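Notes to accompany the following structure.
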Amino acid sequence: MADLNGLDDNSRFRVNRISSGQLVLNPLHGIGGSLPVHGVIPEDQELTNMVYLQPRKTSIAQGLGGGRKKSVSLPKEFEYYEGENEDGPPTVYGKSIAYYTREALPKMDHYKNLRGNELCARPTMDELRSEAMYAKKPEPLPEATGGAVKFGWIEGVLVRCLLNIWGVMLFLRLSWVVAQAGIGLAIVIICLSATVTTLTALSMSAISTNGQIKGGGIYYMISRALGPEFGGAVGAIFSFANATAVAMHTVGFAESLNDLLKSLQVKIIDNGQNDIRIVGTIALIVMQSIIIIGTEWESKAQIVLLIILLVAIADFLIGAFIGPLDTEEISRGYIGFNATIFSQNFPPNFRMQDGMAHGFFTIFAIFFPAATGITAGANISGDLKDPSASIPKGTLLAILTTTASYIVFALLAGGECVRDAMGPMGNYTDELVESWEFVNNCTVDYSTGKSSCQWGMHNSFQIMELMAIFGPIIYAGCFAATLSSALACLVSAPKIFQALCKDNLYPFIGIFGKGFRKNNDPFYAYIVAFLIALAFILIAELNAIAPLISNFYMAAYAMVNFCTFHAALVKPLGWRPEFKYYSKYSSFVGFVLCVAIMFLMSWVTALITIGILVCLFLILVYVKPDVNWGSSAQAQNFKSALQSVQALSTTQDHIKNFRPQILLLSGRPSSRPTLIDFAYLITKNISLMICGHIIQERQAFKVREYLNTKANVWFQKKRVKAFYSLVDDVDFEEGARCLIQASGLGKMKPNIVMMGFKSNWLVCDSEDLKAYFRVIHDVLDNHMGFAVLRLREGFDYSDIISLDSQEVVDKLTLARVDSENSGFDSSSPPTTPDIGRINQGFTMEPEVETKSQKKNTKEMILDVRGPNGEVLSKSVLNNLTQFQTKQRKSTIDIWWLYDDGGLTMLLPYIISTKSVFTGSKIRVFALASKQNDLEVEQAGLASLLSKFRIAYSDLIIITDVMQKASESTRRFFDDLIKEYKKANDGKDPEMQFEETELKALREKTNRHLRLRELLLDHSRMANLIVMTLPVPRRGGVSAPLYMAWLDCLTRDMPPFLLIRGNQSSVLTFYS
């Protein structure tokens, strides 16, 4: 071993370049003995003489890092040796790549948490590219199983599915199904049930092998595949169906026990429903006690019950092949295999029972719960060792086994037993026994379904016991089948409900998701399932419980099939199931089959089931649970949006479909809320709005990501549907040009640029004013509409309201600078960042609006605080909400000075339709081109507006706009431009204008001054003024003079919107 200096723990977990001054190689024993060491190792030069490093087998050396600032010796755990190189000095080669790169090798731990895992060892992009040195991230801790019991595919899936399918129907109702439907239709019912369950199992297998499955079974699969709305609705009714199935199987056990007691002439109360209620309640308490003791005990009990069940099945098969043992069995309807009986029992013989007329689908509804056991293994997916492998294998094998057994049982019962038998009547001669037809010498009233006989498949549910070689074993098997199924459902229902409650999809159910002990037992959910099962046990009527369960199961199976069909149709990149024996067509057929059977069984119950599903779905749509599982519904939304945008790109534009799509140069949305509110009045529920933010300094990726997250959260809280677009490392002019040219996608791109008026143009830096003026030219050069909004109070509230994210931005920026300029700090190792985290120990969680945070507008405004947390004044709050609260009754004055294509009329019309401006009437002002034809011009404009179907209260034609402005107005204008009329004293020449310019534009200047006077006369009390923006001719007017015109028009006015269309029509009067 090399005798290297000891290293501290941190040094062992980081890698740095080897400093030539710190690494001294001594003669070491390597391959072929001792080799001399030549010189030292240059820092940034390729080394030629080979020195190999051999890690010990016990050393798991992994690290990240590197850097020029610091260097360390190699850890002691490494042995190394030299290699010969004829061309120069030795080179050091390490056997562990982790010591020579910051890169992390592919590892399962890197992918366990989609939202990012702080213990994950994968380096960030900043860590890979930075010169700083980082500590090795701690290895992820193994998942704490706490000794939880996990089951394999046989014990966890196959056994449970077999026990659940071989339930109460096998011993108590299968012979009755054959009597009602006949052998032929009974097999059809069995095969139809098997078809539904097989198609569902194929779909379930595809979902379960598409990634890791956790607890919750079908609920987990549907919710992660289709989203929380579908998953939550189906999970609720499926857990309820499982709890109800507990009652069905328990009542079946109580019925069979009651028949046994009746044959022994023993009763508790009346050998009727009261006895069933008592026995069922006691059985439920015992089963719940076993489950509370521990699921491992429940699993052991299932194995014992399976053995008893298999013995009972073997007992039945032996007895069926041997035939009846005495005349008493014959008198009760068990004749033995006979072709005549088979032919008589092959067609259906539907009868009334308990006042209910039966047919194919009513019998199917009663039988189908026998096939619903296919989900028994999936329902405890959280307790399986490998759910993805266990669920397909165990479920499909169980369906194959049980379907075959049901068909065999139906053939044996139908071929050996008669539908009606008189029972023991005395001594029988051999001749009577051979002519077995005496046993069914019964009369049947088909109007009521009542028979004079008490035996036979129609009248007795104990045919299986009659046919067995030893009857009591059948009772034991019946008890085992019913109790095992009840146990499985009593475990499944709380597990599903617990998974649903853990996700907190519905309000006030979180407490039921709490788990206890090492197996995360849902004790609170146990109580809920126990109470539901007890309530249905008290009904004590098996045929009344089964149809309701059938519809609930069918709904769940339909959604499982739909999940697979939808995922296979949309084909998101995450859809890669290992199970390949499925198709979207089989899943779709399964879905349609399930829905159709729901209605064919009982359209009333189907409508009730669908109604419950819709209500649960709408509740989740309203609640909007704070979850994101990457469902296929999200993939479908993306695919549909992409296809729509692509289709829209090939569609020719039409004036009737024009929509004002706004690029709003707003900066950070939270800094200019009133500007956002006003622009959203135009685009709300109509079109696109993009808020552009331009930052001159280059920003780190985490800063940009953080600002984007904060903007989207702010949009969500303010109920604003908009997009945020950030460009950095550019000045305002270049950034605006980038946004103008690159924003949007296809036809979904802005056609109007809006920004606030630059109210500080008189005192701002000349470069800023020139950039502002050039942006106006850029917009018009790109043939886009342009709008400028001015408010007396201004827009920027960043110095008035609290912006908590600014501190985060500063820290993020500081973290970036520190990472580039400082060395490794062992006290604050970086963690794996995403949009919710940054380096240097600073935590930034992304804010997502939850239900408890949802507030109305008034409540949100009350939450706004000053920079130091102080309450804002009422005037500031009123200014902040002036476009959120209803305006006073007044007018929207539209000064349609020039024909720009109609945009000056369209935008204020859209604003007038919003609830904020419902009390504001539209007044239209226009200029007269000829004094003599004033009435004609007014009538022509009125006709045009009526054809546009734009309602207005007044139409005013301005005739004196060309009169000379008053002296006071001229002095006002001269005060605005006096700073720019001075002689050039070193200022930017572009920011000066000569008297020649004023003289050349004297009439236009006077027109704007005169318009100001008219505005003061007519529109001073308006809620909003909209005017056509004067077009700045390229090279025809300087920036200061143009800004002076705009300032003259808008200063000390109500909210003022200057609009200029691109001279293309946006209004038409054609249909």
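Residue names in the structure tokens use chain letters A, B, ... in the order shown, residue numbers from 1 in each chain, and ligand numbers from 1 in the order shown.
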Residues within 12 Å of Gly574 in chain A, only C-alpha atoms, excluding chain neighbours under 2 positions, as a count of residues only: 20
Selection: 12 Å around range 1011-1013 of chain A, only C-alpha atoms, excl. self and same-chain fewer than 6 positions, as number ranges by chain: A: 895, 897, 925-927, 958-970, 972-973, 1004-1005, 1019-1020, 1025, 1027-1028, 1030, 1045-1053
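Near range 265-271 of chain A, within 12 Å and counting only C-alpha atoms, sit Ala254, Glu255, Ser256, Leu257, Asn258, Asp259, Arg277, Ile278 and Val279 of chain A, not including residues fewer than 6 positions from it in the same chain.
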Could you write those residues out with all heavy atoms, as a PDB file, in the first residue's frame?
```
ATOM      1  N   ALA A 254     -73.197 -16.700   5.926  1.00  0.00           N
ATOM      2  CA  ALA A 254     -74.269 -16.835   6.899  1.00  0.00           C
ATOM      3  C   ALA A 254     -75.422 -17.669   6.344  1.00  0.00           C
ATOM      4  O   ALA A 254     -76.042 -18.461   7.074  1.00  0.00           O
ATOM      5  CB  ALA A 254     -74.763 -15.450   7.321  1.00  0.00           C
ATOM      6  N   GLU A 255     -75.722 -17.517   5.045  1.00  0.00           N
ATOM      7  CA  GLU A 255     -76.783 -18.319   4.429  1.00  0.00           C
ATOM      8  C   GLU A 255     -76.436 -19.798   4.455  1.00  0.00           C
ATOM      9  O   GLU A 255     -77.287 -20.650   4.793  1.00  0.00           O
ATOM     10  CB  GLU A 255     -77.010 -17.863   2.988  1.00  0.00           C
ATOM     11  CG  GLU A 255     -77.909 -16.672   2.829  1.00  0.00           C
ATOM     12  CD  GLU A 255     -78.290 -16.435   1.379  1.00  0.00           C
ATOM     13  OE1 GLU A 255     -77.983 -17.306   0.536  1.00  0.00           O
ATOM     14  OE2 GLU A 255     -78.903 -15.392   1.090  1.00  0.00           O
ATOM     15  N   SER A 256     -75.211 -20.132   4.065  1.00  0.00           N
ATOM     16  CA  SER A 256     -74.816 -21.546   4.057  1.00  0.00           C
ATOM     17  C   SER A 256     -74.806 -22.119   5.461  1.00  0.00           C
ATOM     18  O   SER A 256     -75.230 -23.259   5.692  1.00  0.00           O
ATOM     19  CB  SER A 256     -73.449 -21.708   3.396  1.00  0.00           C
ATOM     20  OG  SER A 256     -72.463 -20.972   4.102  1.00  0.00           O
ATOM     21  N   LEU A 257     -74.352 -21.357   6.432  1.00  0.00           N
ATOM     22  CA  LEU A 257     -74.362 -21.823   7.811  1.00  0.00           C
ATOM     23  C   LEU A 257     -75.797 -21.981   8.315  1.00  0.00           C
ATOM     24  O   LEU A 257     -76.121 -22.929   9.034  1.00  0.00           O
ATOM     25  CB  LEU A 257     -73.582 -20.850   8.706  1.00  0.00           C
ATOM     26  CG  LEU A 257     -73.493 -21.233  10.196  1.00  0.00           C
ATOM     27  CD1 LEU A 257     -72.810 -22.590  10.363  1.00  0.00           C
ATOM     28  CD2 LEU A 257     -72.741 -20.162  10.982  1.00  0.00           C
ATOM     29  N   ASN A 258     -76.646 -21.069   7.910  1.00  0.00           N
ATOM     30  CA  ASN A 258     -78.050 -21.156   8.310  1.00  0.00           C
ATOM     31  C   ASN A 258     -78.719 -22.399   7.731  1.00  0.00           C
ATOM     32  O   ASN A 258     -79.523 -23.063   8.406  1.00  0.00           O
ATOM     33  CB  ASN A 258     -78.779 -19.890   7.860  1.00  0.00           C
ATOM     34  CG  ASN A 258     -80.166 -19.783   8.445  1.00  0.00           C
ATOM     35  OD1 ASN A 258     -80.339 -19.927   9.657  1.00  0.00           O
ATOM     36  ND2 ASN A 258     -81.155 -19.554   7.599  1.00  0.00           N
ATOM     37  N   ASP A 259     -78.384 -22.741   6.463  1.00  0.00           N
ATOM     38  CA  ASP A 259     -78.915 -23.968   5.866  1.00  0.00           C
ATOM     39  C   ASP A 259     -78.424 -25.204   6.597  1.00  0.00           C
ATOM     40  O   ASP A 259     -79.167 -26.184   6.782  1.00  0.00           O
ATOM     41  CB  ASP A 259     -78.522 -24.044   4.394  1.00  0.00           C
ATOM     42  CG  ASP A 259     -79.261 -23.014   3.550  1.00  0.00           C
ATOM     43  OD1 ASP A 259     -80.325 -22.536   4.000  1.00  0.00           O
ATOM     44  OD2 ASP A 259     -78.770 -22.677   2.457  1.00  0.00           O
ATOM     45  N   ARG A 277     -78.331 -12.187   9.916  1.00  0.00           N
ATOM     46  CA  ARG A 277     -77.765 -10.933  10.430  1.00  0.00           C
ATOM     47  C   ARG A 277     -76.838 -11.191  11.626  1.00  0.00           C
ATOM     48  O   ARG A 277     -75.753 -10.597  11.721  1.00  0.00           O
ATOM     49  CB  ARG A 277     -78.895  -9.988  10.839  1.00  0.00           C
ATOM     50  CG  ARG A 277     -79.742  -9.493   9.666  1.00  0.00           C
ATOM     51  CD  ARG A 277     -80.767  -8.480  10.121  1.00  0.00           C
ATOM     52  NE  ARG A 277     -81.564  -7.991   8.991  1.00  0.00           N
ATOM     53  CZ  ARG A 277     -82.820  -8.363   8.748  1.00  0.00           C
ATOM     54  NH1 ARG A 277     -83.428  -9.225   9.563  1.00  0.00           N
ATOM     55  NH2 ARG A 277     -83.469  -7.886   7.705  1.00  0.00           N
ATOM     56  N   ILE A 278     -77.278 -12.068  12.525  1.00  0.00           N
ATOM     57  CA  ILE A 278     -76.451 -12.335  13.719  1.00  0.00           C
ATOM     58  C   ILE A 278     -75.151 -13.018  13.333  1.00  0.00           C
ATOM     59  O   ILE A 278     -74.055 -12.606  13.755  1.00  0.00           O
ATOM     60  CB  ILE A 278     -77.261 -13.201  14.709  1.00  0.00           C
ATOM     61  CG1 ILE A 278     -78.443 -12.397  15.261  1.00  0.00           C
ATOM     62  CG2 ILE A 278     -76.366 -13.675  15.848  1.00  0.00           C
ATOM     63  CD1 ILE A 278     -79.387 -13.218  16.101  1.00  0.00           C
ATOM     64  N   VAL A 279     -75.246 -14.073  12.514  1.00  0.00           N
ATOM     65  CA  VAL A 279     -74.039 -14.807  12.111  1.00  0.00           C
ATOM     66  C   VAL A 279     -73.112 -13.896  11.302  1.00  0.00           C
ATOM     67  O   VAL A 279     -71.888 -13.892  11.496  1.00  0.00           O
ATOM     68  CB  VAL A 279     -74.432 -16.048  11.295  1.00  0.00           C
ATOM     69  CG1 VAL A 279     -73.184 -16.717  10.709  1.00  0.00           C
ATOM     70  CG2 VAL A 279     -75.190 -17.028  12.161  1.00  0.00           C
TER      71      VAL A 279
END
```
Spatial neighbours of Asp778 in chain A, 12 Å, only C-alpha atoms, chain gap at least 3 places, as a VMD selection string: chain A and resid 733 to 741 753 771 to 775 781 to 786 1032 1034
Let's have the selection written as an mmCIF file, in the first residue's frame, with N, CA, C and O atoms.
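So the final result, stored in part-v8.cif, reads:
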```cif
data_model
loop_
_atom_site.group_PDB
_atom_site.id
_atom_site.type_symbol
_atom_site.label_atom_id
_atom_site.label_comp_id
_atom_site.auth_asym_id
_atom_site.auth_seq_id
_atom_site.Cartn_x
_atom_site.Cartn_y
_atom_site.Cartn_z
ATOM 1 N N GLU A 733 -34.514 47.988 -26.243
ATOM 2 C CA GLU A 733 -34.856 47.992 -27.667
ATOM 3 C C GLU A 733 -34.635 46.620 -28.288
ATOM 4 O O GLU A 733 -35.514 46.081 -28.981
ATOM 5 N N GLU A 734 -33.476 46.040 -28.043
ATOM 6 C CA GLU A 734 -33.180 44.738 -28.626
ATOM 7 C C GLU A 734 -34.074 43.658 -28.031
ATOM 8 O O GLU A 734 -34.531 42.752 -28.730
ATOM 9 N N GLY A 735 -34.343 43.751 -26.722
ATOM 10 C CA GLY A 735 -35.221 42.773 -26.093
ATOM 11 C C GLY A 735 -36.630 42.837 -26.640
ATOM 12 O O GLY A 735 -37.266 41.806 -26.901
ATOM 13 N N ALA A 736 -37.146 44.054 -26.835
ATOM 14 C CA ALA A 736 -38.480 44.205 -27.414
ATOM 15 C C ALA A 736 -38.522 43.644 -28.825
ATOM 16 O O ALA A 736 -39.495 42.994 -29.233
ATOM 17 N N ARG A 737 -37.452 43.881 -29.575
ATOM 18 C CA ARG A 737 -37.405 43.358 -30.944
ATOM 19 C C ARG A 737 -37.402 41.830 -30.939
ATOM 20 O O ARG A 737 -38.073 41.187 -31.769
ATOM 21 N N CYS A 738 -36.667 41.244 -29.992
ATOM 22 C CA CYS A 738 -36.668 39.775 -29.878
ATOM 23 C C CYS A 738 -38.069 39.249 -29.570
ATOM 24 O O CYS A 738 -38.529 38.277 -30.174
ATOM 25 N N LEU A 739 -38.741 39.888 -28.626
ATOM 26 C CA LEU A 739 -40.085 39.437 -28.256
ATOM 27 C C LEU A 739 -41.065 39.617 -29.408
ATOM 28 O O LEU A 739 -41.918 38.763 -29.651
ATOM 29 N N ILE A 740 -40.960 40.724 -30.112
ATOM 30 C CA ILE A 740 -41.869 40.987 -31.235
ATOM 31 C C ILE A 740 -41.708 39.931 -32.319
ATOM 32 O O ILE A 740 -42.680 39.422 -32.876
ATOM 33 N N GLN A 741 -40.467 39.553 -32.600
ATOM 34 C CA GLN A 741 -40.215 38.660 -33.719
ATOM 35 C C GLN A 741 -40.342 37.186 -33.347
ATOM 36 O O GLN A 741 -40.656 36.359 -34.218
ATOM 37 N N VAL A 753 -48.871 45.034 -29.890
ATOM 38 C CA VAL A 753 -47.913 45.287 -28.809
ATOM 39 C C VAL A 753 -48.474 46.412 -27.957
ATOM 40 O O VAL A 753 -48.873 47.465 -28.478
ATOM 41 N N ALA A 771 -34.589 54.430 -27.162
ATOM 42 C CA ALA A 771 -34.987 53.024 -27.261
ATOM 43 C C ALA A 771 -36.507 52.890 -27.264
ATOM 44 O O ALA A 771 -37.078 52.117 -28.042
ATOM 45 N N TYR A 772 -37.174 53.660 -26.406
ATOM 46 C CA TYR A 772 -38.641 53.629 -26.349
ATOM 47 C C TYR A 772 -39.240 54.054 -27.691
ATOM 48 O O TYR A 772 -40.166 53.418 -28.205
ATOM 49 N N PHE A 773 -38.700 55.102 -28.251
ATOM 50 C CA PHE A 773 -39.213 55.620 -29.523
ATOM 51 C C PHE A 773 -38.939 54.636 -30.663
ATOM 52 O O PHE A 773 -39.782 54.424 -31.551
ATOM 53 N N ARG A 774 -37.774 54.009 -30.646
ATOM 54 C CA ARG A 774 -37.446 53.053 -31.695
ATOM 55 C C ARG A 774 -38.315 51.800 -31.618
ATOM 56 O O ARG A 774 -38.603 51.171 -32.640
ATOM 57 N N VAL A 775 -38.699 51.427 -30.393
ATOM 58 C CA VAL A 775 -39.582 50.267 -30.252
ATOM 59 C C VAL A 775 -40.909 50.532 -30.954
ATOM 60 O O VAL A 775 -41.479 49.641 -31.604
ATOM 61 N N ASP A 781 -43.053 48.780 -38.004
ATOM 62 C CA ASP A 781 -42.324 48.170 -39.114
ATOM 63 C C ASP A 781 -42.717 46.711 -39.306
ATOM 64 O O ASP A 781 -42.656 46.185 -40.426
ATOM 65 N N ASN A 782 -43.100 46.045 -38.213
ATOM 66 C CA ASN A 782 -43.511 44.639 -38.287
ATOM 67 C C ASN A 782 -45.006 44.486 -38.567
ATOM 68 O O ASN A 782 -45.552 43.394 -38.405
ATOM 69 N N HIS A 783 -45.651 45.611 -38.937
ATOM 70 C CA HIS A 783 -47.068 45.602 -39.298
ATOM 71 C C HIS A 783 -47.930 45.014 -38.189
ATOM 72 O O HIS A 783 -48.831 44.206 -38.447
ATOM 73 N N MET A 784 -47.644 45.420 -36.978
ATOM 74 C CA MET A 784 -48.434 45.000 -35.833
ATOM 75 C C MET A 784 -49.204 46.199 -35.296
ATOM 76 O O MET A 784 -48.805 47.361 -35.503
ATOM 77 N N GLY A 785 -50.308 45.911 -34.622
ATOM 78 C CA GLY A 785 -51.008 46.971 -33.937
ATOM 79 C C GLY A 785 -50.206 47.436 -32.735
ATOM 80 O O GLY A 785 -49.375 46.697 -32.188
ATOM 81 N N PHE A 786 -50.447 48.683 -32.325
ATOM 82 C CA PHE A 786 -49.680 49.235 -31.202
ATOM 83 C C PHE A 786 -50.633 49.986 -30.283
ATOM 84 O O PHE A 786 -51.559 50.667 -30.749
ATOM 85 N N PRO A 1032 -45.776 58.043 -36.165
ATOM 86 C CA PRO A 1032 -44.512 58.778 -36.352
ATOM 87 C C PRO A 1032 -43.874 58.374 -37.683
ATOM 88 O O PRO A 1032 -43.544 57.202 -37.890
ATOM 89 N N ARG A 1034 -41.111 57.771 -40.359
ATOM 90 C CA ARG A 1034 -39.709 57.401 -40.235
ATOM 91 C C ARG A 1034 -38.831 58.559 -40.689
ATOM 92 O O ARG A 1034 -38.862 58.979 -41.847
#
```
Near-Pro494 in chain A list (12 Å; only C-alpha atoms; drop same-chain fewer than 4 positions) as a ChimeraX atom specification: /A:215-217,219,235-236,238-244,246,288,291-292,379-380,487-490,498-502,512-515,520-533
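The two atoms in question, CA of Ser175 in chain A and CA of Ile399 in chain A, are spaced 20.0 Å apart.
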